[in-house]
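Contents: one structure, followed by commentary.
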Amino acid sequence: MADQPRLKFAIADYGHTRAVKSGEVQIKGVDADFVQVVPIIAAFRRMVRDLEFDVCEMAPTTYMIARTRGAPYTALPIFLMRRFHHGGFVVRPDAKIRVPKDLEGKKVGVRAYSVTTGVRTRGIFINEYGLDSSKVTWVVDDEEHVATLKLPPNVIHTEPGKSLQSMMASGEIQAGFSGPAGVGRSGPPISGWDQASQAKATADTYPELIADVEQVEVDWFRRTRIYPIHGLVVVKDEHLKNYPWLARALMDAFVASKKPYLEQLALGKGHSVEDKRYRKFLSLMSDPLPYGFSANRASIEALVTYALQQELIPSRPQLGQVFVPIDP
């Protein structure tokens, strides 16, 4: 194309993005400049605050919050990471927390209040288990990506010199998210932050709140058809306006990049944590990484509901205004 744009991308390394990032799969009409950002959530923050990229992966809750504040970019329903959220939430054995309702009156650690993992799990606890989230003190130890976000009064920051890890160990908090969303890392998002052996060992000492969590998640999915979305793709509005074909070109490229990855999974190949998770999901759904607006509407609407309940967005948006309603 004569007006072929050169666009700066920030997309994480996944099996299903490998072909498009390497150039094996071309984005029609685009000269793509892929920038490596590790961890990818650092790119979310840079995009929200500085509009650094033309096309950027972003946590869906961060996007919803930013969009309600006038962010000049729109999401494509290309979801680059998927997982369920009944698990990944641990408790101190001495805290007498046996069901989510028992979290009321307790202090619970989460990296940031608006982190999508936290929003998803709180939403499940509220809507499936009757938790009153306002009766929990949510303790955070990092910044929100959207710096102007006003937090509810029951959200507090750790004191200087303390971390969620140390507070969990001392009993100052009684429960928390494992992994990067909570006690499984320490400090702000920098390279290797979720791989520190001490952090991982600390998280592994605490039991999960929900027993038989994998079966619970399967049963919930079969009942609700909600398959939680992560890592959507945002594009600056100026480019969507100037290049009306761009959304379709991006969707087609990411779909083409995913195809060989799914074929490898079906053959039993791939041994990363993500590979194993998606291969296991093949028994639940034909495509463990579904793209498109129609296939993901239930999950999008659930996330909007959770964000409203948790005072992260002021009103329910029209989905056609926050997503390009495109399907593969």
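Letters A, B, ... go to the chains of the structure tokens in the order shown; residues in each chain start at 1; ligands are counted from 1 in the same order.
Residues in contact with Glu159 of chain A at 12 Å, where only C-alpha atoms are counted and same-chain residues fewer than 5 positions away are skipped, are listed as Val139, Val140, Asp141, Asp142, Leu164, Ser166, Met167 and Glu172 of chain A.
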Write the residues you've just listed into a file as a compact mmCIF listing (two decimals), in the first residue's frame, and include N, CA, C and O atoms for each of them.
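File result-v8.txt, as written:
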# COMPACT_ATOMS: atom_id res chain seq x y z
N VAL A 139 -5.16 -4.87 50.71
CA VAL A 139 -3.85 -4.27 50.94
C VAL A 139 -3.03 -4.38 49.67
O VAL A 139 -2.84 -5.49 49.14
N VAL A 140 -2.53 -3.26 49.14
CA VAL A 140 -1.80 -3.24 47.88
C VAL A 140 -0.37 -2.75 48.12
O VAL A 140 -0.10 -2.01 49.06
N ASP A 141 0.55 -3.17 47.24
CA ASP A 141 1.94 -2.74 47.40
C ASP A 141 2.55 -2.24 46.10
O ASP A 141 3.76 -2.19 45.94
N ASP A 142 1.70 -1.87 45.14
CA ASP A 142 2.19 -1.32 43.88
C ASP A 142 1.23 -0.23 43.43
O ASP A 142 0.13 -0.08 43.98
N LEU A 164 3.80 -7.42 50.60
CA LEU A 164 2.74 -8.40 50.83
C LEU A 164 3.33 -9.71 51.34
O LEU A 164 2.73 -10.38 52.19
N SER A 166 6.05 -10.12 53.26
CA SER A 166 6.39 -10.02 54.68
C SER A 166 5.14 -9.94 55.54
O SER A 166 5.10 -10.49 56.65
N MET A 167 4.12 -9.27 55.06
CA MET A 167 2.90 -9.14 55.85
C MET A 167 2.15 -10.46 55.93
O MET A 167 1.53 -10.77 56.95
N GLU A 172 0.05 -10.19 59.27
CA GLU A 172 -0.61 -8.88 59.16
C GLU A 172 -1.68 -8.88 58.08
O GLU A 172 -2.62 -8.09 58.14
Mind checking DSSP for segment 85-317 of chain A and telling me the strand (DSSP E) residues as a list of chain:residue names?
A:Phe89, A:Val90, A:Val91, A:Lys107, A:Val108, A:Gly109, A:Thr137, A:Trp138, A:Val139, A:Val140, A:Val155, A:Ile156, A:His157, A:Ala175, A:Gly176, A:Phe177, A:Ile229, A:His230, A:Leu232, A:Val233, A:Val234, A:Val235, A:Lys236
Could you name the residues that touch Glu301 of chain A at 12 Å or less, counting only C-alpha atoms, but leaving out those on the same chain fewer than 3 positions away, as a list of chain:residue names?
A:Pro60, A:Thr61, A:Met64, A:Arg120, A:Gly123, A:Thr224, A:Arg225, A:Ile226, A:Tyr227, A:Pro228, A:Ile229, A:Phe293, A:Ser294, A:Ala295, A:Asn296, A:Arg297, A:Ala298, A:Val304, A:Thr305, A:Tyr306, A:Ala307, A:Leu308, A:Arg316, A:Pro317, A:Gln318, A:Leu319, A:Gly320, A:Val322, A:Phe323
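By chain and then residue number, the residues within 12 Å of Glu214 of chain A are A:Arg83, A:Phe84, A:His85, A:His86, A:Gly87, A:Gly88, A:Glu208, A:Ile210, A:Val218, A:Asp219, A:Trp220, A:Phe221, A:Arg277, A:Lys280, A:Phe281, counting only C-alpha atoms and disregarding those fewer than 4 positions away in sequence.
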Counting only C-alpha atoms, the residue of A:Ala75, A:Leu51, A:Ile41, A:Leu209 that sits nearest Gln321 of chain A:
A:Ala75
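The coordinates place atom CA of Ile300 of chain A at 12.6 Å from atom CA of Arg82 of chain A.
As for atom CA of Ile97 of chain A and atom CA of Ser178 of chain A, they are spaced 16.0 Å apart.
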Per DSSP on the backbone, what are the helix (DSSP H, G or I) residues of segment 79-304 of chain A, as number ranges by chain?
A: 93-95, 100-103, 116-129, 133-135, 164-170, 179-181, 197-204, 213-224, 237-242, 246-266, 273-281, 297-304
Per residue of segment 206-235 of chain A within 12 Å of segment 251-259 of chain A, note the shortest atom pair and the distance in Å to one decimal, counting only C-alpha atoms, and order the rows by chain and increasing residue number, as a tab-separated table.
residue	atom	partner	partner_atom	distance
A:Leu232	CA	A:Met251	CA	11.7
A:Val233	CA	A:Met251	CA	9.9
A:Val234	CA	A:Met251	CA	11.8
A:Val235	CA	A:Met251	CA	11.8
Could you please take those selected residues and save N, CA, C and O atoms as a PDB file, in the first residue's frame?
ATOM      1  N   LEU A 232      -5.882  -8.105  26.080  1.00  0.00           N
ATOM      2  CA  LEU A 232      -6.470  -7.642  24.821  1.00  0.00           C
ATOM      3  C   LEU A 232      -5.482  -6.737  24.080  1.00  0.00           C
ATOM      4  O   LEU A 232      -4.432  -6.376  24.612  1.00  0.00           O
ATOM      5  N   VAL A 233      -5.808  -6.378  22.855  1.00  0.00           N
ATOM      6  CA  VAL A 233      -4.938  -5.561  22.005  1.00  0.00           C
ATOM      7  C   VAL A 233      -5.618  -4.218  21.760  1.00  0.00           C
ATOM      8  O   VAL A 233      -6.764  -4.181  21.305  1.00  0.00           O
ATOM      9  N   VAL A 234      -4.933  -3.128  22.098  1.00  0.00           N
ATOM     10  CA  VAL A 234      -5.485  -1.798  21.840  1.00  0.00           C
ATOM     11  C   VAL A 234      -4.724  -1.145  20.690  1.00  0.00           C
ATOM     12  O   VAL A 234      -3.534  -1.390  20.484  1.00  0.00           O
ATOM     13  N   VAL A 235      -5.445  -0.310  19.952  1.00  0.00           N
ATOM     14  CA  VAL A 235      -4.883   0.405  18.807  1.00  0.00           C
ATOM     15  C   VAL A 235      -5.260   1.876  18.940  1.00  0.00           C
ATOM     16  O   VAL A 235      -6.411   2.202  19.261  1.00  0.00           O
TER      17      VAL A 235
END
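The spacing separating atom CA of Asp102 of chain A from atom CA of Thr121 of chain A amounts to 14.8 Å.
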Excluding Ile173 of chain A and any residue of its chain fewer than 6 positions from it, enumerate the residues within 7 Å of it, using only C-alpha atoms, and give them as a short mmCIF file (atom, residue, chain, number, x, y, z; two decimals) with N, CA, C and O atoms, in the first residue's frame.
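The resulting out_32.cif:
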data_model
loop_
_atom_site.label_atom_id
_atom_site.label_comp_id
_atom_site.auth_asym_id
_atom_site.auth_seq_id
_atom_site.Cartn_x
_atom_site.Cartn_y
_atom_site.Cartn_z
N LYS A 107 -7.75 -8.85 56.25
CA LYS A 107 -6.89 -8.09 55.35
C LYS A 107 -6.33 -9.03 54.30
O LYS A 107 -5.80 -10.10 54.64
N VAL A 108 -6.43 -8.62 53.04
CA VAL A 108 -6.09 -9.48 51.92
C VAL A 108 -5.14 -8.75 50.99
O VAL A 108 -5.38 -7.58 50.63
N GLY A 109 -4.06 -9.42 50.56
CA GLY A 109 -3.05 -8.78 49.73
C GLY A 109 -3.26 -8.99 48.25
O GLY A 109 -3.53 -10.10 47.79
N MET A 167 4.12 -9.27 55.06
CA MET A 167 2.90 -9.14 55.85
C MET A 167 2.15 -10.46 55.93
O MET A 167 1.53 -10.77 56.95
#
